[in-house]
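Okay, structure first, notes after.
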Amino acid sequence: MRNSNRTIWTSLFVATAFVFGFTSCEQKDTNNWMSELIYSSAQDQHAPTVDDDPQGGGGSGGSTVSTNQLLIASIPTQGWSGNSYNGVLYYVPETESQYYPRYYAFVMSNGVCQKAIFANYCYTASAAQTLYRSAYEGTYTTFDFTPSSYKSGSILSSETALTDIALPFTTVKYESTHVYVDLDYLFKGKYAAQVQNVVSYWSIGTAEDGGYDPDQFIFGTFSLDSHQLDLSTVRGLPGCTLQTKYNLYSSGTVSTYVRYLSFNNRDWARYYFDMFYSWNSSSAKLNAFNVTYYLSASGYSSSWAYGQAQYDDWWYSFHSFAGWRFYNRSNRSAEESGIVAVRSNDYAAQPRP
């Protein structure tokens with residue numbers, strides 16, 4: 001239902017733009033994406049509200065923003081744009097021409113996120129339906145799991161000799177020409193700076209690459225006494241959890257650092273086991289829906305372990321759907337255009353010296 005208390009923008013205020021600077025983040029010479037953030041000087045105390053009515057509850061001035069109003073066809077230029085205080089803030093990651101355009105959209109109210117989505121714009125409704133179906137069913141990619149190729153002891157439960165893995169995104173949605181996922185569970189209630197820093201880390205990498213280094217726990221719960229992080233939703237997969245735990249020697253250096261991941265889908269567990277196994281074949285274990293990975297971190301400082309736990313909090317919260325790039329085959333007929341996904345570069349944070 002449309003919000004009857006629409007915000008009335010006063011004509012007595014004149015909007016001015018301010019460059020939002022980040023002194024802790026290196027900038028890329030070719031893309032001053034962080035400097036594109038715009039703050040509104042219209043200090044309107046009547047903040048935007050969110051309307052999930054599919055018919056749309058918006059109006060002039062953007063006082064009410066529905067999900068459908070975030071599904072846009074005119075994608076902004078790469079980087080940040082829009083309004084990070086009151087309005088809609090966009091982030092467009094770097095995307096090659098052969099992929100569908102994709103973007104993040106955040107509804108901001110007084111500098112706090114009220115709604116967030118990640119979307120692929122598929123040009124046509126038929127392409128969006130095809131992508132939605134393949135993403136929901138996990139048929140957009142082929143991934144062979146071959147237990148016989150792994151070391152004895154890595155697989156703790158019996159598995160079939162050869163399995164084609166399906167990796168479904170059951171939280172994906174589509175509307176007309178867009179396929180998208182809601183990110184409210186991550187960003188609702190988060191400040192603009194937190195949103196910007198996390199997305200820059202997801203999309204670009206660490207500060208040395210022009211992104212941002214995690215410096216706080218945002219998504220999970222961390223206990224300093226037990227050195228344990230608990231993350232309730234891993235990669236946007238419902239029911240999938242992460243527990244990161246490290247122990248220290250009496251000297252204060254790290255003795256063990258372990259990730260325990262529990263999935264509600266055996267194929268996702270196999271996928272992440274395979275990824276960890278490729279990093280260190282002696283440190284990854286698979287037992288049905290559960291994956292364990294021991295980082296080679298013995299002797300590292302306790303401050304390193306604390307920072308690594310922050311990396312785990314930020315990185316494993318990332319929704320997997322946003323990490324896969326989907327080909328644009330719009331030049332073919334709908335019958336030919338089975339959407340194909342490229343396996344993402346899953347660059348989870350590694351131990352740092």
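Every chain in the structure tokens has a letter given in the order shown (A, B, ...), and although residue numbers restart at 1 in each chain, ligands are simply numbered from 1 in the order shown.
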As a count of residues only, please: the residues near Ile72 (chain A) (cut-off 10 Å, only C-alpha atoms, same-chain neighbours under 6 positions excluded).
7
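Residue neighbourhood of Leu89 (chain A), excluding near-sequence residues (fewer than 5 positions): Gly82, Asn83, Ser84, Ala105 and Phe106 of chain A, at 6 Å, using only C-alpha atoms.
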Write out as a Markdown table a residue-level contact list of region 121-197 of chain A versus region 202-216 of chain A with cut-off 10 Å: for each qualifying residue the closest pair of atoms and the distance in Å to one decimal, counting only C-alpha atoms, rows sorted by chain and residue number upward.
| residue | atom | partner | partner_atom | distance |
| --- | --- | --- | --- | --- |
| A:Gln194 | CA | A:Gln216 | CA | 9.5 |
| A:Gln196 | CA | A:Tyr212 | CA | 9.0 |
| A:Asn197 | CA | A:Tyr212 | CA | 5.7 |
Can you tell me, as a tab-separated table (two decimals) with C-alpha atoms, in the first residue's frame, what residues are no more than 12 Å from Tyr185 (chain A) when counting only C-alpha atoms, ignoring any on the same chain fewer than 6 positions away?
chain	number	residue	atom	x	y	z
A	113	CYS	CA	20.13	1.91	4.68
A	114	GLN	CA	16.45	0.94	4.60
A	115	LYS	CA	16.45	-1.40	1.60
A	116	ALA	CA	19.05	-3.01	-0.65
A	117	ILE	CA	19.12	-5.17	-3.78
A	171	THR	CA	16.46	-16.49	-2.85
A	218	ILE	CA	29.34	-5.88	10.86
A	219	PHE	CA	27.35	-9.01	9.96
A	220	GLY	CA	28.22	-11.71	12.50
A	232	SER	CA	24.16	-16.93	10.51
A	233	THR	CA	23.86	-16.68	6.71
A	234	VAL	CA	26.77	-17.62	4.45
A	235	ARG	CA	26.78	-16.22	0.90
A	236	GLY	CA	23.03	-15.56	0.97
A	237	LEU	CA	22.28	-19.28	1.33
A	238	PRO	CA	19.46	-19.78	3.87
A	317	SER	CA	28.47	-12.66	4.15
A	318	PHE	CA	28.75	-11.81	0.43
A	319	HIS	CA	25.74	-13.11	-1.55
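The space separating CA of Lys188 (chain A) from CA of Glu137 (chain A) comes to 27.4 Å.
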Write down as a ChimeraX atom specification the residues belonging to region 122-243 of chain A that are assigned strand (DSSP E or B) by DSSP computed on the backbone.
/A:143-145,155,163-165,173-175,178-182,191,221-223,228-231,234,237,241-243
Limited to N, CA and C atoms, could you put the picked residues into a file as an mmCIF file, in the first residue's frame?
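The file below, part-v5.cif, is the result:
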data_model
loop_
_atom_site.group_PDB
_atom_site.id
_atom_site.type_symbol
_atom_site.label_atom_id
_atom_site.label_comp_id
_atom_site.auth_asym_id
_atom_site.auth_seq_id
_atom_site.Cartn_x
_atom_site.Cartn_y
_atom_site.Cartn_z
ATOM 1 N N PHE A 143 29.587 -28.357 -12.797
ATOM 2 C CA PHE A 143 30.742 -28.509 -11.917
ATOM 3 C C PHE A 143 30.834 -29.972 -11.509
ATOM 4 N N ASP A 144 31.907 -30.643 -11.910
ATOM 5 C CA ASP A 144 32.075 -32.060 -11.616
ATOM 6 C C ASP A 144 32.805 -32.249 -10.299
ATOM 7 N N PHE A 145 32.219 -33.051 -9.427
ATOM 8 C CA PHE A 145 32.848 -33.387 -8.150
ATOM 9 C C PHE A 145 33.321 -34.833 -8.227
ATOM 10 N N ILE A 155 37.716 -36.570 2.635
ATOM 11 C CA ILE A 155 36.273 -36.772 2.570
ATOM 12 C C ILE A 155 35.893 -37.746 3.678
ATOM 13 N N THR A 163 29.851 -36.707 -9.676
ATOM 14 C CA THR A 163 28.591 -36.001 -9.476
ATOM 15 C C THR A 163 28.631 -34.658 -10.186
ATOM 16 N N ASP A 164 27.600 -34.392 -10.979
ATOM 17 C CA ASP A 164 27.412 -33.056 -11.521
ATOM 18 C C ASP A 164 26.713 -32.226 -10.463
ATOM 19 N N ILE A 165 27.334 -31.124 -10.084
ATOM 20 C CA ILE A 165 26.815 -30.338 -8.981
ATOM 21 C C ILE A 165 25.893 -29.240 -9.473
ATOM 22 N N LYS A 173 15.001 -13.612 -7.337
ATOM 23 C CA LYS A 173 13.675 -13.195 -7.789
ATOM 24 C C LYS A 173 13.809 -12.589 -9.177
ATOM 25 N N TYR A 174 12.682 -12.490 -9.880
ATOM 26 C CA TYR A 174 12.730 -11.766 -11.147
ATOM 27 C C TYR A 174 11.463 -10.945 -11.314
ATOM 28 N N GLU A 175 11.595 -9.863 -12.045
ATOM 29 C CA GLU A 175 10.484 -8.969 -12.347
ATOM 30 C C GLU A 175 10.752 -8.369 -13.714
ATOM 31 N N HIS A 178 14.438 -7.930 -15.080
ATOM 32 C CA HIS A 178 15.464 -7.965 -14.046
ATOM 33 C C HIS A 178 15.424 -9.273 -13.254
ATOM 34 N N VAL A 179 16.595 -9.753 -12.893
ATOM 35 C CA VAL A 179 16.744 -10.858 -11.961
ATOM 36 C C VAL A 179 17.567 -10.315 -10.801
ATOM 37 N N TYR A 180 17.079 -10.485 -9.577
ATOM 38 C CA TYR A 180 17.712 -9.783 -8.460
ATOM 39 C C TYR A 180 17.591 -10.569 -7.161
ATOM 40 N N VAL A 181 18.354 -10.134 -6.164
ATOM 41 C CA VAL A 181 18.249 -10.672 -4.807
ATOM 42 C C VAL A 181 18.136 -9.505 -3.837
ATOM 43 N N ASP A 182 17.319 -9.691 -2.800
ATOM 44 C CA ASP A 182 17.218 -8.712 -1.728
ATOM 45 C C ASP A 182 18.423 -8.842 -0.807
ATOM 46 N N TYR A 191 24.982 1.957 8.348
ATOM 47 C CA TYR A 191 25.310 3.318 7.940
ATOM 48 C C TYR A 191 25.909 3.333 6.537
ATOM 49 N N THR A 221 28.464 -12.240 14.818
ATOM 50 C CA THR A 221 28.685 -11.993 16.246
ATOM 51 C C THR A 221 30.051 -12.548 16.625
ATOM 52 N N PHE A 222 30.876 -11.704 17.235
ATOM 53 C CA PHE A 222 32.228 -12.134 17.596
ATOM 54 C C PHE A 222 32.407 -12.058 19.111
ATOM 55 N N SER A 223 32.965 -13.133 19.682
ATOM 56 C CA SER A 223 33.297 -13.174 21.102
ATOM 57 C C SER A 223 34.806 -13.072 21.260
ATOM 58 N N GLN A 228 35.797 -16.312 18.749
ATOM 59 C CA GLN A 228 34.876 -17.028 17.861
ATOM 60 C C GLN A 228 33.924 -16.076 17.162
ATOM 61 N N LEU A 229 33.806 -16.260 15.839
ATOM 62 C CA LEU A 229 32.851 -15.531 15.016
ATOM 63 C C LEU A 229 31.740 -16.482 14.592
ATOM 64 N N ASP A 230 30.494 -16.030 14.737
ATOM 65 C CA ASP A 230 29.347 -16.803 14.270
ATOM 66 C C ASP A 230 28.583 -15.974 13.251
ATOM 67 N N LEU A 231 28.466 -16.508 12.035
ATOM 68 C CA LEU A 231 27.776 -15.837 10.943
ATOM 69 C C LEU A 231 26.578 -16.697 10.570
ATOM 70 N N VAL A 234 25.573 -17.619 5.275
ATOM 71 C CA VAL A 234 26.773 -17.623 4.450
ATOM 72 C C VAL A 234 26.383 -17.463 2.989
ATOM 73 N N LEU A 237 22.876 -17.958 1.393
ATOM 74 C CA LEU A 237 22.282 -19.285 1.327
ATOM 75 C C LEU A 237 21.551 -19.557 2.639
ATOM 76 N N THR A 241 25.682 -21.650 7.665
ATOM 77 C CA THR A 241 26.343 -20.886 8.716
ATOM 78 C C THR A 241 27.859 -21.042 8.665
ATOM 79 N N LEU A 242 28.528 -20.070 9.265
ATOM 80 C CA LEU A 242 29.985 -20.107 9.402
ATOM 81 C C LEU A 242 30.352 -19.871 10.852
ATOM 82 N N GLN A 243 31.258 -20.685 11.355
ATOM 83 C CA GLN A 243 31.881 -20.424 12.649
ATOM 84 C C GLN A 243 33.386 -20.392 12.434
#
Do you know which residues are at most 12 Å from Ser134 (chain A) counting only C-alpha atoms, after dropping those on the same chain fewer than 3 positions away, and could you put them as a PDB file with N, CA and C atoms, in the first residue's frame?
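Ended up saving to out00.pdb:
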ATOM      1  N   ALA A 127      14.692 -13.419 -21.472  1.00  0.00           N
ATOM      2  CA  ALA A 127      16.039 -13.685 -20.962  1.00  0.00           C
ATOM      3  C   ALA A 127      16.047 -13.678 -19.440  1.00  0.00           C
ATOM      4  N   ALA A 128      15.280 -12.772 -18.836  1.00  0.00           N
ATOM      5  CA  ALA A 128      15.207 -12.717 -17.375  1.00  0.00           C
ATOM      6  C   ALA A 128      14.575 -13.985 -16.818  1.00  0.00           C
ATOM      7  N   GLN A 129      13.540 -14.476 -17.458  1.00  0.00           N
ATOM      8  CA  GLN A 129      12.893 -15.704 -17.009  1.00  0.00           C
ATOM      9  C   GLN A 129      13.832 -16.896 -17.108  1.00  0.00           C
ATOM     10  N   THR A 130      14.612 -16.937 -18.194  1.00  0.00           N
ATOM     11  CA  THR A 130      15.565 -18.031 -18.368  1.00  0.00           C
ATOM     12  C   THR A 130      16.652 -17.989 -17.303  1.00  0.00           C
ATOM     13  N   LEU A 131      17.179 -16.807 -17.052  1.00  0.00           N
ATOM     14  CA  LEU A 131      18.203 -16.662 -16.021  1.00  0.00           C
ATOM     15  C   LEU A 131      17.644 -16.994 -14.652  1.00  0.00           C
ATOM     16  N   GLU A 137      17.312 -23.066 -10.031  1.00  0.00           N
ATOM     17  CA  GLU A 137      17.542 -24.511 -10.073  1.00  0.00           C
ATOM     18  C   GLU A 137      19.016 -24.877  -9.973  1.00  0.00           C
ATOM     19  N   GLY A 138      19.898 -23.903 -10.199  1.00  0.00           N
ATOM     20  CA  GLY A 138      21.326 -24.183 -10.143  1.00  0.00           C
ATOM     21  C   GLY A 138      21.853 -24.856 -11.382  1.00  0.00           C
ATOM     22  N   THR A 139      21.171 -24.671 -12.516  1.00  0.00           N
ATOM     23  CA  THR A 139      21.565 -25.337 -13.761  1.00  0.00           C
ATOM     24  C   THR A 139      22.356 -24.431 -14.693  1.00  0.00           C
ATOM     25  N   TYR A 140      22.823 -23.283 -14.195  1.00  0.00           N
ATOM     26  CA  TYR A 140      23.542 -22.326 -15.036  1.00  0.00           C
ATOM     27  C   TYR A 140      25.004 -22.708 -15.218  1.00  0.00           C
ATOM     28  N   THR A 141      25.450 -23.716 -14.528  1.00  0.00           N
ATOM     29  CA  THR A 141      26.853 -24.100 -14.635  1.00  0.00           C
ATOM     30  C   THR A 141      27.006 -25.595 -14.450  1.00  0.00           C
ATOM     31  N   THR A 142      28.107 -26.125 -14.915  1.00  0.00           N
ATOM     32  CA  THR A 142      28.419 -27.537 -14.718  1.00  0.00           C
ATOM     33  C   THR A 142      29.696 -27.642 -13.899  1.00  0.00           C
ATOM     34  N   ALA A 166      24.762 -29.064  -8.797  1.00  0.00           N
ATOM     35  CA  ALA A 166      23.848 -27.952  -9.048  1.00  0.00           C
ATOM     36  C   ALA A 166      23.958 -26.978  -7.879  1.00  0.00           C
ATOM     37  N   LEU A 167      24.125 -25.704  -8.184  1.00  0.00           N
ATOM     38  CA  LEU A 167      24.308 -24.680  -7.150  1.00  0.00           C
ATOM     39  C   LEU A 167      23.150 -23.687  -7.231  1.00  0.00           C
ATOM     40  N   PRO A 168      22.038 -23.987  -6.559  1.00  0.00           N
ATOM     41  CA  PRO A 168      20.854 -23.139  -6.688  1.00  0.00           C
ATOM     42  C   PRO A 168      20.908 -21.888  -5.812  1.00  0.00           C
ATOM     43  N   PHE A 169      20.389 -20.794  -6.357  1.00  0.00           N
ATOM     44  CA  PHE A 169      20.178 -19.564  -5.599  1.00  0.00           C
ATOM     45  C   PHE A 169      18.670 -19.469  -5.326  1.00  0.00           C
ATOM     46  N   THR A 170      18.226 -20.035  -4.234  1.00  0.00           N
ATOM     47  CA  THR A 170      16.788 -20.124  -3.985  1.00  0.00           C
ATOM     48  C   THR A 170      16.175 -18.792  -3.569  1.00  0.00           C
ATOM     49  N   VAL A 172      16.710 -15.985  -5.222  1.00  0.00           N
ATOM     50  CA  VAL A 172      16.675 -15.102  -6.386  1.00  0.00           C
ATOM     51  C   VAL A 172      15.226 -14.812  -6.789  1.00  0.00           C
ATOM     52  N   LYS A 173      15.001 -13.612  -7.337  1.00  0.00           N
ATOM     53  CA  LYS A 173      13.675 -13.195  -7.789  1.00  0.00           C
ATOM     54  C   LYS A 173      13.809 -12.589  -9.177  1.00  0.00           C
ATOM     55  N   TYR A 174      12.682 -12.490  -9.880  1.00  0.00           N
ATOM     56  CA  TYR A 174      12.730 -11.766 -11.147  1.00  0.00           C
ATOM     57  C   TYR A 174      11.463 -10.945 -11.314  1.00  0.00           C
ATOM     58  N   VAL A 179      16.595  -9.753 -12.893  1.00  0.00           N
ATOM     59  CA  VAL A 179      16.744 -10.858 -11.961  1.00  0.00           C
ATOM     60  C   VAL A 179      17.567 -10.315 -10.801  1.00  0.00           C
ATOM     61  N   PHE A 321      25.151 -14.917  -5.477  1.00  0.00           N
ATOM     62  CA  PHE A 321      24.564 -14.517  -6.749  1.00  0.00           C
ATOM     63  C   PHE A 321      25.264 -13.291  -7.322  1.00  0.00           C
ATOM     64  N   PHE A 326      26.802 -13.354 -15.607  1.00  0.00           N
ATOM     65  CA  PHE A 326      25.951 -14.077 -16.543  1.00  0.00           C
ATOM     66  C   PHE A 326      26.075 -13.483 -17.937  1.00  0.00           C
ATOM     67  N   SER A 337      18.997 -18.979 -26.330  1.00  0.00           N
ATOM     68  CA  SER A 337      19.762 -18.177 -25.373  1.00  0.00           C
ATOM     69  C   SER A 337      19.765 -18.762 -23.974  1.00  0.00           C
ATOM     70  N   GLY A 338      20.105 -20.038 -23.857  1.00  0.00           N
ATOM     71  CA  GLY A 338      20.286 -20.608 -22.537  1.00  0.00           C
ATOM     72  C   GLY A 338      21.399 -19.850 -21.829  1.00  0.00           C
ATOM     73  N   ILE A 339      21.066 -19.225 -20.720  1.00  0.00           N
ATOM     74  CA  ILE A 339      22.036 -18.351 -20.048  1.00  0.00           C
ATOM     75  C   ILE A 339      23.117 -19.185 -19.387  1.00  0.00           C
ATOM     76  N   VAL A 340      24.343 -18.823 -19.623  1.00  0.00           N
ATOM     77  CA  VAL A 340      25.485 -19.550 -19.092  1.00  0.00           C
ATOM     78  C   VAL A 340      26.219 -18.669 -18.093  1.00  0.00           C
ATOM     79  N   ALA A 341      26.628 -19.237 -16.999  1.00  0.00           N
ATOM     80  CA  ALA A 341      27.366 -18.474 -15.993  1.00  0.00           C
ATOM     81  C   ALA A 341      28.821 -18.887 -15.990  1.00  0.00           C
TER      82      ALA A 341
END
